[in-house]
>>> print(open('target_24.cif').read())   # mmCIF, C-alpha atoms
data_target
#
loop_
_atom_site.label_atom_id
_atom_site.label_comp_id
_atom_site.auth_asym_id
_atom_site.auth_seq_id
_atom_site.Cartn_x
_atom_site.Cartn_y
_atom_site.Cartn_z
CA MET A 985 2.59 -32.64 -42.38
CA THR A 986 0.96 -29.48 -41.12
CA LYS A 987 -0.37 -31.46 -38.18
CA ILE A 988 3.12 -32.49 -37.19
CA ALA A 989 4.36 -28.94 -37.66
CA ALA A 990 1.53 -27.65 -35.51
CA ARG A 991 2.28 -30.19 -32.82
CA PHE A 992 5.93 -29.26 -32.94
CA GLU A 993 5.01 -25.60 -32.62
CA GLN A 994 2.79 -26.42 -29.66
CA SER A 995 5.50 -28.34 -27.86
CA ARG A 996 7.92 -25.53 -28.54
CA LEU A 997 5.48 -23.06 -27.01
CA ALA A 998 5.01 -25.33 -24.03
CA ALA A 999 8.75 -25.58 -23.59
CA ALA A 1000 9.05 -21.81 -23.74
CA ALA A 1001 6.31 -21.47 -21.16
CA TRP A 1002 8.05 -23.92 -18.87
CA ALA A 1003 11.34 -22.13 -19.33
CA ALA A 1004 9.69 -18.82 -18.43
CA LEU A 1005 8.05 -20.39 -15.40
CA ALA A 1006 11.33 -21.92 -14.27
CA ALA A 1007 13.07 -18.58 -14.75
CA SER A 1008 10.44 -16.74 -12.70
CA ALA A 1009 10.73 -19.39 -10.00
CA LEU A 1010 14.46 -18.76 -9.93
CA VAL A 1011 13.97 -15.00 -9.90
CA ALA A 1012 11.29 -15.03 -7.18
CA PRO A 1013 13.56 -15.82 -4.22
CA ALA A 1014 16.11 -13.32 -5.54
CA SER A 1015 13.47 -10.58 -5.57
CA ALA A 1016 12.99 -11.11 -1.86
CA GLN A 1017 16.62 -10.10 -1.47
CA GLN A 1018 16.33 -6.83 -3.32
CA ARG A 1019 13.64 -4.38 -4.38
CA ASP A 1020 11.63 -5.18 -7.45
CA PRO A 1021 12.51 -2.51 -10.09
CA ALA A 1022 8.86 -1.38 -10.24
CA TYR A 1023 8.83 -0.97 -6.45
CA ALA A 1024 12.13 0.92 -6.49
CA ALA A 1025 10.76 3.22 -9.21
CA ALA A 1026 7.50 3.82 -7.30
CA ARG A 1027 9.47 4.78 -4.19
CA ALA A 1028 11.81 7.08 -6.10
CA SER A 1029 8.94 8.85 -7.88
CA GLY A 1030 6.93 9.23 -4.68
CA GLU A 1031 4.00 7.12 -5.92
CA VAL A 1032 4.37 5.12 -2.72
CA GLY A 1033 5.64 6.29 0.62
CA GLU A 1034 6.32 4.95 4.10
CA LYS A 1035 3.40 5.35 6.49
CA VAL A 1036 3.66 5.85 10.24
CA ASP A 1037 1.97 2.48 10.81
CA GLY A 1038 4.71 0.46 9.09
CA TYR A 1039 3.03 -0.05 5.74
CA LEU A 1040 3.26 1.54 2.31
CA GLY A 1041 0.77 4.24 1.41
CA PHE A 1042 -0.07 6.47 -1.52
CA PRO A 1043 0.78 10.18 -1.35
CA THR A 1044 -1.20 10.64 -4.58
CA ALA A 1045 -3.98 8.56 -6.14
CA PRO A 1046 -2.19 5.42 -7.33
CA SER A 1047 -2.48 3.63 -10.65
CA ALA A 1048 -4.01 0.16 -10.51
CA GLU A 1049 -0.57 -1.32 -11.00
CA THR A 1050 1.00 0.72 -8.19
CA ARG A 1051 -1.85 -0.19 -5.85
CA ARG A 1052 -1.44 -3.87 -6.62
CA LEU A 1053 2.31 -3.64 -6.06
CA ALA A 1054 1.95 -1.88 -2.70
CA ASP A 1055 -0.87 -4.15 -1.54
CA ASP A 1056 1.31 -7.16 -2.33
CA ILE A 1057 4.25 -5.75 -0.35
CA ASN A 1058 2.00 -4.75 2.55
CA ILE A 1059 0.61 -8.29 2.78
CA LYS A 1060 4.16 -9.65 2.90
CA ARG A 1061 5.13 -7.04 5.48
CA LYS A 1062 2.19 -7.97 7.67
CA ALA A 1063 3.20 -11.63 7.55
CA VAL A 1064 6.73 -10.73 8.67
CA TYR A 1065 5.39 -8.36 11.37
CA ALA A 1066 3.07 -11.06 12.68
CA GLU A 1067 5.89 -13.56 12.99
CA ARG A 1068 8.33 -11.14 14.65
CA ALA A 1069 5.64 -9.67 16.90
CA GLN A 1070 4.84 -13.13 18.24
CA ALA A 1071 8.54 -13.85 18.79
CA ASN A 1072 8.81 -10.61 20.80
CA GLY A 1073 5.57 -10.88 22.72
CA ALA A 1074 4.15 -7.77 21.08
CA THR A 1075 1.08 -7.05 18.99
CA ILE A 1076 1.31 -6.81 15.20
CA GLU A 1077 0.40 -3.10 15.44
CA GLU A 1078 3.16 -2.41 17.96
CA TYR A 1079 5.74 -4.22 15.89
CA ALA A 1080 4.54 -2.63 12.64
CA PHE A 1081 4.70 0.83 14.21
CA SER A 1082 8.26 0.16 15.43
CA ALA A 1083 9.23 -0.99 11.95
CA GLY A 1084 7.56 2.14 10.55
CA CYS A 1085 9.82 4.30 12.74
CA GLN A 1086 12.84 2.54 11.24
CA ALA A 1087 11.50 2.49 7.68
CA ILE A 1088 10.86 6.25 7.77
CA ALA A 1089 14.32 6.86 9.24
CA ARG A 1090 15.79 4.85 6.34
CA THR A 1091 14.05 6.78 3.56
CA VAL A 1092 16.44 8.58 1.25
CA PRO A 1093 16.09 12.18 0.02
CA GLY A 1094 13.31 12.43 -2.56
CA GLU A 1095 11.25 9.55 -1.16
CA LYS A 1096 7.89 10.17 0.51
CA TYR A 1097 7.00 9.45 4.10
CA GLN A 1098 4.11 10.22 6.39
CA ALA A 1099 4.60 12.71 9.22
CA PRO A 1100 2.96 12.09 12.63
CA ASP A 1101 0.10 14.45 11.67
CA GLY A 1102 -0.71 12.21 8.68
CA SER A 1103 0.60 14.59 6.03
CA TRP A 1104 2.92 13.34 3.30
CA GLN A 1105 6.42 14.74 3.32
CA THR A 1106 9.31 14.47 0.92
CA ARG A 1107 12.47 13.32 2.64
CA THR A 1108 15.26 15.83 2.53
CA ALA A 1109 18.82 15.58 3.79
CA ALA A 1110 17.46 16.58 7.21
CA ALA A 1111 16.07 14.03 9.66
CA PRO A 1112 12.46 13.03 8.89
CA LEU A 1113 9.53 14.17 11.05
CA ARG A 1114 8.75 11.15 13.21
CA ASP A 1115 6.44 10.20 16.01
CA PRO A 1116 7.86 11.21 19.43
CA ARG A 1117 7.70 7.54 20.46
CA CYS A 1118 10.23 6.58 17.77
CA PRO A 1119 13.71 5.88 19.17
CA MET B 529 -62.13 18.48 -14.09
CA VAL B 530 -61.06 16.67 -10.93
CA ARG B 531 -58.92 14.31 -12.98
CA ALA B 532 -57.25 17.21 -14.75
CA ALA B 533 -56.35 18.79 -11.42
CA ARG B 534 -54.94 15.51 -10.20
CA VAL B 535 -52.82 15.16 -13.29
CA LYS B 536 -51.63 18.70 -12.86
CA GLY B 537 -50.74 17.93 -9.23
CA LEU B 538 -48.81 14.86 -10.22
CA MET B 539 -46.94 16.83 -12.83
CA LEU B 540 -46.07 19.46 -10.23
CA ILE B 541 -44.76 16.80 -7.85
CA ALA B 542 -42.77 15.20 -10.66
CA SER B 543 -41.23 18.48 -11.72
CA ALA B 544 -40.45 19.36 -8.12
CA MET B 545 -38.70 16.02 -7.71
CA THR B 546 -36.57 16.59 -10.77
CA LEU B 547 -35.57 19.97 -9.39
CA THR B 548 -34.70 18.93 -5.86
CA GLY B 549 -33.96 15.22 -6.22
CA CYS B 550 -30.31 15.69 -7.08
CA ILE B 551 -27.97 15.72 -4.10
CA SER B 552 -24.32 15.96 -4.98
CA VAL B 553 -21.81 14.41 -2.63
CA ASN B 554 -18.20 15.37 -3.12
CA ALA B 555 -15.47 13.04 -1.94
CA PRO B 556 -12.91 14.78 0.28
CA ASP B 557 -9.70 15.48 -1.63
CA LYS B 558 -7.58 14.40 1.33
CA PRO B 559 -7.63 10.85 2.67
CA ILE B 560 -9.34 10.31 6.00
CA ILE B 561 -6.76 9.14 8.48
CA ILE B 562 -7.77 7.43 11.67
CA GLU B 563 -5.07 7.34 14.28
CA LEU B 564 -4.86 3.76 15.53
CA ASN B 565 -1.54 3.96 17.30
CA ILE B 566 -2.52 5.87 20.40
CA ASN B 567 -2.23 2.75 22.55
CA ILE B 568 1.32 1.95 21.52
CA LYS B 569 3.69 2.82 24.32
CA GLN B 570 7.11 4.30 23.80
CA GLU B 571 8.83 1.67 25.91
CA VAL B 572 7.43 -1.07 23.66
CA VAL B 573 8.66 0.77 20.56
CA TYR B 574 12.11 1.08 22.12
CA ARG B 575 12.19 -2.58 23.07
CA LEU B 576 11.25 -3.64 19.52
CA ALA B 577 13.53 -1.14 17.74
CA ALA B 578 16.55 -3.37 17.27
CA ASP B 579 14.50 -6.36 16.16
CA ALA B 580 12.50 -4.21 13.74
CA GLY B 581 15.72 -2.82 12.30
CA ASN B 582 17.02 -6.34 11.71
CA THR B 583 13.72 -7.36 10.12
CA ILE B 584 14.03 -4.51 7.62
CA LYS B 585 17.64 -5.46 6.87
CA ASP B 586 16.74 -9.12 6.42
CA ASN B 587 13.83 -8.39 4.04
CA PRO B 588 15.16 -5.79 1.61
CA GLY B 589 12.71 -6.86 -1.09
CA ILE B 590 9.68 -5.57 0.83
CA PHE B 591 11.17 -2.56 2.62
#
>>> encode(input="target_24.cif", output="structure tokens")
Amino acid sequence: MTKIAARFEQSRLAAAAWAALAASALVAPASAQQRDPAYAAARASGEVGEKVDGYLGFPTAPSAETRRLADDINIKRKAVYAERAQANGATIEEYAFSAGCQAIARTVPGEKYQAPDGSWQTRTAAAPLRDPRCP
Amino acid sequence: MVRAARVKGLMLIASAMTLTGCISVNAPDKPIIIELNINIKQEVVYRLAADAGNTIKDNPGIF
């Protein structure tokens, strides 16, 4: 009796696990279409900022979780940069830098970005400080 | 007598080592930034600008 109950419980757990997995699989492509809430929060709080080189950086020492989140995004960014750079006959660094120009221009007031001298700045309503090579 | 002097010498060396053997290295409080973009030309950045803008628009999850 208890054996059957235990087996039932096990199968229920397995079903729940599968349901969670299926849900995450459904959510995963959607997350590529909009910012993960943790990423959005890290941007808004200034835990991560846009670097000149086209990747995310840390204006302050990051938590392990924030570092993991930014590393993950930076790996995905690099993959996209590599593909687009090849399509445009440019190097990954050139393409990433160009994207960095745009990403810094698109920051909203309160977010952090890196100025050409390497210092971290908080975006205000004014135009951000960008590299003179940025269009 | 000779042995005692030797022991004394060893003790002196040991105590000297404990006094001077500690070197403290402080990590800089600002990150070290190495500028790697000096070879990127403005004309390349201009040429890639539109494509890079589209890439950001097409991948809102990672930008």
>>> resolve_selection(input="target_24.cif", expression="the PyMOL selection byres ((chain B) within 8 of (chain A))", output="PDB file with C-alpha atoms, in the coordinates of the input")
ATOM      1  CA  ILE B 561      -6.760   9.140   8.480  1.00  0.00           C
ATOM      2  CA  ASN B 565      -1.540   3.960  17.300  1.00  0.00           C
ATOM      3  CA  ILE B 568       1.320   1.950  21.520  1.00  0.00           C
ATOM      4  CA  LYS B 569       3.690   2.820  24.320  1.00  0.00           C
ATOM      5  CA  GLN B 570       7.110   4.300  23.800  1.00  0.00           C
ATOM      6  CA  VAL B 572       7.430  -1.070  23.660  1.00  0.00           C
ATOM      7  CA  VAL B 573       8.660   0.770  20.560  1.00  0.00           C
ATOM      8  CA  TYR B 574      12.110   1.080  22.120  1.00  0.00           C
ATOM      9  CA  LEU B 576      11.250  -3.640  19.520  1.00  0.00           C
ATOM     10  CA  ALA B 577      13.530  -1.140  17.740  1.00  0.00           C
ATOM     11  CA  ASP B 579      14.500  -6.360  16.160  1.00  0.00           C
ATOM     12  CA  ALA B 580      12.500  -4.210  13.740  1.00  0.00           C
ATOM     13  CA  GLY B 581      15.720  -2.820  12.300  1.00  0.00           C
ATOM     14  CA  THR B 583      13.720  -7.360  10.120  1.00  0.00           C
ATOM     15  CA  ILE B 584      14.030  -4.510   7.620  1.00  0.00           C
ATOM     16  CA  ASP B 586      16.740  -9.120   6.420  1.00  0.00           C
ATOM     17  CA  ASN B 587      13.830  -8.390   4.040  1.00  0.00           C
ATOM     18  CA  PRO B 588      15.160  -5.790   1.610  1.00  0.00           C
ATOM     19  CA  GLY B 589      12.710  -6.860  -1.090  1.00  0.00           C
ATOM     20  CA  ILE B 590       9.680  -5.570   0.830  1.00  0.00           C
ATOM     21  CA  PHE B 591      11.170  -2.560   2.620  1.00  0.00           C
TER      22      PHE B 591
END
>>> atom_distance(input="target_24.cif", atom1="atom CA of Arg1052 of chain A", atom2="atom CA of Trp1104 of chain A")
20.3 Å
>>> atom_distance(input="target_24.cif", atom1="atom CA of Lys1096 of chain A", atom2="atom CA of Gly1030 of chain A")
5.4 Å
>>> atom_distance(input="target_24.cif", atom1="atom CA of Lys585 of chain B", atom2="atom CA of Arg1027 of chain A")
17.1 Å
>>> axis_aligned_box(input="target_24.cif", around="segment 1097-1114 of chain A", padding_each_side="3 Å", output="AutoDock Vina command-line options")
--center_x 9.1 --center_y 13.0 --center_z 7.1 --size_x 25.5 --size_y 13.1 --size_z 18.3
>>> resolve_selection(input="target_24.cif", expression="the PyMOL selection byres ((chain A and resi 1107) around 6)", output="PyMOL selection string")
chain A and resi 1093-1096+1106+1108
